[in-house]
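Enquirer: Have a look at this one before I ask anything.
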Protein chains: 2
Amino acid sequence: MSSGKGKSREVLTSELVQAARRSATMAVLFHGAIAAQFGLSATDTRTMELLDRLGPQSAGEIATYTGLAPTSVTALIDRLEARRLVRRTHDPNDRRRVVVVREPEGAAGMNGHYAAIARTTLTLLARYSENELRAITEFLNESATYAESAVAKLGTRSARTLPAKEERERKQRPRASSRRRRGE
Amino acid sequence: MSSGKGKSREVLTSELVQAARRSATMAVLFHGAIAAQFGLSATDTRTMELLDRLGPQSAGEIATYTGLAPTSVTALIDRLEARRLVRRTHDPNDRRRVVVVREPEGAAGMNGHYAAIARTTLTLLARYSENELRAITEFLNESATYAESAVAKLGTRSARTLPAKEERERKQRPRASSRRRRGE
DNA sequence: TCAGATAGTTCGATTCATAGGAATATTCGT
DNA sequence: ACGAATATTCCTATGAATCGAACTATCTGA
């Protein structure tokens, strides 16, 4: 291994895996920091992502996606609407349905952050050859696809939202038990 | 632009940016799904990440990092300990201090997911040349570094944890006002 | 050595956000 | 006109966080 010039392939791949994990962690923190700025909970954030990816959704669809009770979805939409991130509309074909659409102006703040990182990314890209660009894109897409399937298996529902009874079972907090016993 | 053969550089870069965003989103959802499985709140998750990145931390350090009151940190550690994700230890040099360390067995469940994705990543990597591997790694690291600085600017504290008074000011929920008015 | 400072925990009371259930209003489809 | 579907309101429950104050164990400096 380690043939004269560069690092062995093994080293290169393990460095890549490590970099991928670091990058993923930072992505999580980055999104979390933005969400925090807007006072969004995890559910709020996921809903915004949903609207972002799939476009306007009805309250019921949001309920299905988030696993929330209809009641909670109403409150959820209230929260987002209060922050001017979305707007309620009515489906002209079925006026019972409330369709939630993103409010572009309100979302501008969030998009600003994303735009900034996109701009920076573009400058980073100058140094790569076209083949390298292709390789990077391909890698990003493939790992995203894997993550997508993993998320599908795990389910997206948050713990607090779980059936709530199963959750209640597994609960016996030791309450920090007995600290302060002499010998560590 | 668009010289015969492939896509123009412009197209390639914009595809890459899009892929990066998708990848980041999936990373967020992936981490969120795992956290949900373990019934971890946002604060819990961030604390785990902290321990993961910087190693064992004292309760006070966790308080500083999360911006939580000492009381809340005790409760936080209780929660994590109840789920067997961390363990309390004493600093031998200052036995007042409670040092929180990750519990490897308890964390195995979480690590299992990460290990799985790492394994999959490795198989994805077979098809790339060494130069491409280097390019991908470099890109991941650079964008992570940017995200890192962005997070530092934004601050990591969650909205609920904010001074709590400023937060209370900006609050007048329309409470879904009056839906159900006849004409849309 | 001893007084004061530190680190963390406990307790009680309180606030707040988010979630769920039951009942209700509106609209759709037949 | 009736039953189902859709979303809302009202009410309640729970978890997470706060504060203040008391307390324990430990360290530090005069």
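Each chain in the structure tokens gets a letter, A, B, ..., in the order shown, and its residues are numbered from 1; ligands are numbered from 1 in order too.
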May I have the residues within 9 Å of Ala135 of chain A as an MDAnalysis selection string, using only C-alpha atoms (C1' of nucleotides) and disregarding those fewer than 3 positions away in the same chain?
Expert: (chainID A and resid 130:132 138:140) or (chainID B and resid 128 132:133 135:136)
Enquirer: Applying 9 Å and only C-alpha atoms (C1' of nucleotides), which residues near DC28 of chain C remain after dropping the ones on its own chain fewer than 4 positions away? List them as a list in words.
Expert: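 Everything that qualifies: Asp94, Arg95 and Arg96 of chain A; DA4 and DA5 of chain D.
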Enquirer: Find the residues near segment 8-14 of chain D: any atom within 8 Å, counting only C-alpha atoms (C1' of nucleotides), skip ones fewer than 6 places away on the same chain, and give them as a PyMOL selection string.
Expert: (chain A and resi 71+74) or (chain C and resi 24-25)
Enquirer: Now that the selection is made, can you save its residues with C-alpha atoms (C1' of nucleotides) as a CSV table (one decimal), in the first residue's frame?
Expert:
chain,number,residue,atom,x,y,z
A,71,THR,CA,-55.9,18.8,15.0
A,74,THR,CA,-54.2,22.9,12.0
C,24,DT,C1',-68.6,20.8,15.2
C,25,DA,C1',-69.0,23.3,10.7
Enquirer: Could you give me the residues within chain A that DSSP places in alpha helix (DSSP H), as a VMD selection string?
Expert: chain A and resid 9 to 37 42 to 54 59 to 66 70 to 82 104 to 124 130 to 154 165 to 169
Enquirer: Find the spatial neighbours of Ser23 of chain A, counting only C-alpha atoms (C1' of nucleotides), within a cut-off of 9 Å - ignore same-chain residues fewer than 5 positions away - and output them as a ChimeraX atom specification.
Expert: /A:18,28 /B:24,140-145,147
Enquirer: For those residues, write N, CA and C atoms to a file as a compact mmCIF listing (two decimals), in the first residue's frame.
Expert:
# COMPACT_ATOMS: atom_id res chain seq x y z
N GLN A 18 -15.17 9.68 5.85
CA GLN A 18 -15.10 10.59 6.98
C GLN A 18 -15.56 12.00 6.59
N VAL A 28 -26.69 19.15 8.91
CA VAL A 28 -27.73 19.08 9.94
C VAL A 28 -27.67 20.31 10.83
N ALA B 24 -27.99 17.39 1.12
CA ALA B 24 -28.05 18.00 2.44
C ALA B 24 -29.42 17.77 3.07
N LEU B 140 -16.34 17.87 -0.35
CA LEU B 140 -17.12 17.66 0.87
C LEU B 140 -16.52 18.44 2.03
N ASN B 141 -15.21 18.36 2.14
CA ASN B 141 -14.57 19.05 3.25
C ASN B 141 -14.71 20.56 3.16
N GLU B 142 -14.56 21.07 1.96
CA GLU B 142 -14.64 22.52 1.81
C GLU B 142 -16.04 23.03 2.10
N SER B 143 -17.03 22.33 1.61
CA SER B 143 -18.37 22.83 1.87
C SER B 143 -18.73 22.66 3.34
N ALA B 144 -18.20 21.61 3.95
CA ALA B 144 -18.43 21.44 5.38
C ALA B 144 -17.81 22.59 6.16
N THR B 145 -16.64 22.98 5.72
CA THR B 145 -15.96 24.08 6.40
C THR B 145 -16.77 25.37 6.27
N ALA B 147 -20.01 25.55 5.86
CA ALA B 147 -21.19 25.40 6.71
C ALA B 147 -20.82 25.65 8.17
Enquirer: Just need the residues of chain D within 10 Å of chain B, counting only C-alpha atoms (C1' of nucleotides), so spit them out as a count of residues only.
Expert: 11
Enquirer: Could you pull out all residues of chain B with a DSSP call of strand (DSSP E) and give them as an MDAnalysis selection string?
Expert: chainID B and resid 57:58 86:91 94:102
Enquirer: Output N, CA and C atoms for every residue in the selection just made, as a short mmCIF file (atom, residue, chain, number, x, y, z; two decimals), in the first residue's frame.
Expert:
data_model
loop_
_atom_site.label_atom_id
_atom_site.label_comp_id
_atom_site.auth_asym_id
_atom_site.auth_seq_id
_atom_site.Cartn_x
_atom_site.Cartn_y
_atom_site.Cartn_z
N GLN B 57 -17.72 15.74 27.80
CA GLN B 57 -17.87 17.13 28.22
C GLN B 57 -18.49 17.16 29.61
N SER B 58 -18.14 18.17 30.35
CA SER B 58 -18.74 18.32 31.67
C SER B 58 -20.13 18.91 31.54
N VAL B 86 -25.55 7.79 27.24
CA VAL B 86 -24.37 8.39 27.87
C VAL B 86 -24.24 7.86 29.30
N ARG B 87 -23.13 8.23 29.91
CA ARG B 87 -22.90 7.82 31.29
C ARG B 87 -22.24 8.96 32.03
N ARG B 88 -22.58 9.12 33.28
CA ARG B 88 -21.93 10.15 34.10
C ARG B 88 -20.63 9.60 34.68
N THR B 89 -19.61 10.44 34.64
CA THR B 89 -18.32 10.08 35.22
C THR B 89 -17.85 11.26 36.05
N HIS B 90 -16.84 11.04 36.86
CA HIS B 90 -16.27 12.16 37.59
C HIS B 90 -14.89 12.47 37.06
N ASP B 91 -14.62 13.75 36.96
CA ASP B 91 -13.28 14.18 36.59
C ASP B 91 -12.36 13.89 37.78
N ASP B 94 -10.89 16.99 39.33
CA ASP B 94 -11.81 17.89 40.02
C ASP B 94 -13.10 17.12 40.23
N ARG B 95 -13.23 16.52 41.37
CA ARG B 95 -14.30 15.56 41.54
C ARG B 95 -15.66 16.20 41.72
N ARG B 96 -15.69 17.52 41.65
CA ARG B 96 -17.00 18.16 41.62
C ARG B 96 -17.64 18.00 40.25
N ARG B 97 -16.79 17.97 39.26
CA ARG B 97 -17.29 17.99 37.89
C ARG B 97 -17.86 16.65 37.46
N VAL B 98 -18.96 16.73 36.77
CA VAL B 98 -19.58 15.53 36.21
C VAL B 98 -19.26 15.52 34.72
N VAL B 99 -18.55 14.51 34.30
CA VAL B 99 -18.18 14.42 32.90
C VAL B 99 -19.09 13.40 32.22
N VAL B 100 -19.67 13.83 31.12
CA VAL B 100 -20.61 12.98 30.40
C VAL B 100 -19.89 12.31 29.24
N VAL B 101 -19.93 11.00 29.20
CA VAL B 101 -19.30 10.27 28.11
C VAL B 101 -20.33 9.42 27.39
N ARG B 102 -20.10 9.21 26.14
CA ARG B 102 -21.01 8.35 25.37
C ARG B 102 -20.90 6.92 25.84
#
Enquirer: Got a sec: who's within 12 Å of DC23 of chain D, counting only C-alpha atoms (C1' of nucleotides), leaving out chain neighbours fewer than 3 positions off, as a count of residues only?
Expert: 4
